[in-house]
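Taking it in order: structure first as structure tokens, then the write-up.
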Amino acid sequence: MAGDVEKAQAEGQRDVADAQADAQQAGADADKQVADAIADHDTDEVAKQAHDANEAYDKGKSKIVIAQAEADHKVAVEKCEALEGQAQQDCKDTADKALDQTKQTAKANR
């Protein structure tokens, strides 16, 4: 069981790191679009690109929060495997509820 928990932790850390890298790249791309619009002296385009950049950052933060929640969920479920019967099911239900709640909050904050 300890090996499964460690594996879940490692996978979770990779998933969170990937989400962070994706968010960082999306933010950099959005910043470049804003800079290009500024360089073109196009105020309407600057406003649009700035809005899009804010959305990209919000979406990136949301993806990171969800990735972390999913990683935590994987670990929690692996830990639940050490339990038996109703205790195991209750443990998994609690982990599922925590994941669902975090996902809903992250999506609402986009």
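In the structure tokens, each chain is lettered A, B, ... as it comes, each chain's residues begin at 1, and ligands are numbered from 1 in order of appearance.
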
Practice prompt. Would you list the contacts of Asn54 in chain A as a PyMOL selection string, taking every protein, DNA or RNA residue within 12 Å and counting only C-alpha atoms, but skipping same-chain residues closer than 3 positions in sequence?
Written response: chain A and resi 23+26-31+33-34+47-51+57-61+110

Discussion item. Report as a PyMOL selection string all protein, DNA and RNA residues lying within 6 Å of range 89-96 of chain A, evaluated on only C-alpha atoms, omitting residues in the same chain fewer than 2 positions from it.
Written reply: chain A and resi 73+77+80+86-87+98-99

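Once range 2-15 of chain A and its same-chain neighbours fewer than 2 positions away are set aside, Ala17, Asp18, Ala19, Gln20, Ala21, Ile64, Ile66, Ala67, Gln68, Ala69, Glu70, Ala71, Asp72, His73, Lys74, Val75, Ala76, Val77, Glu78, Lys79, Cys80, Glu81 and Ala82 of chain A remain within 10 Å of it when counting only C-alpha atoms.
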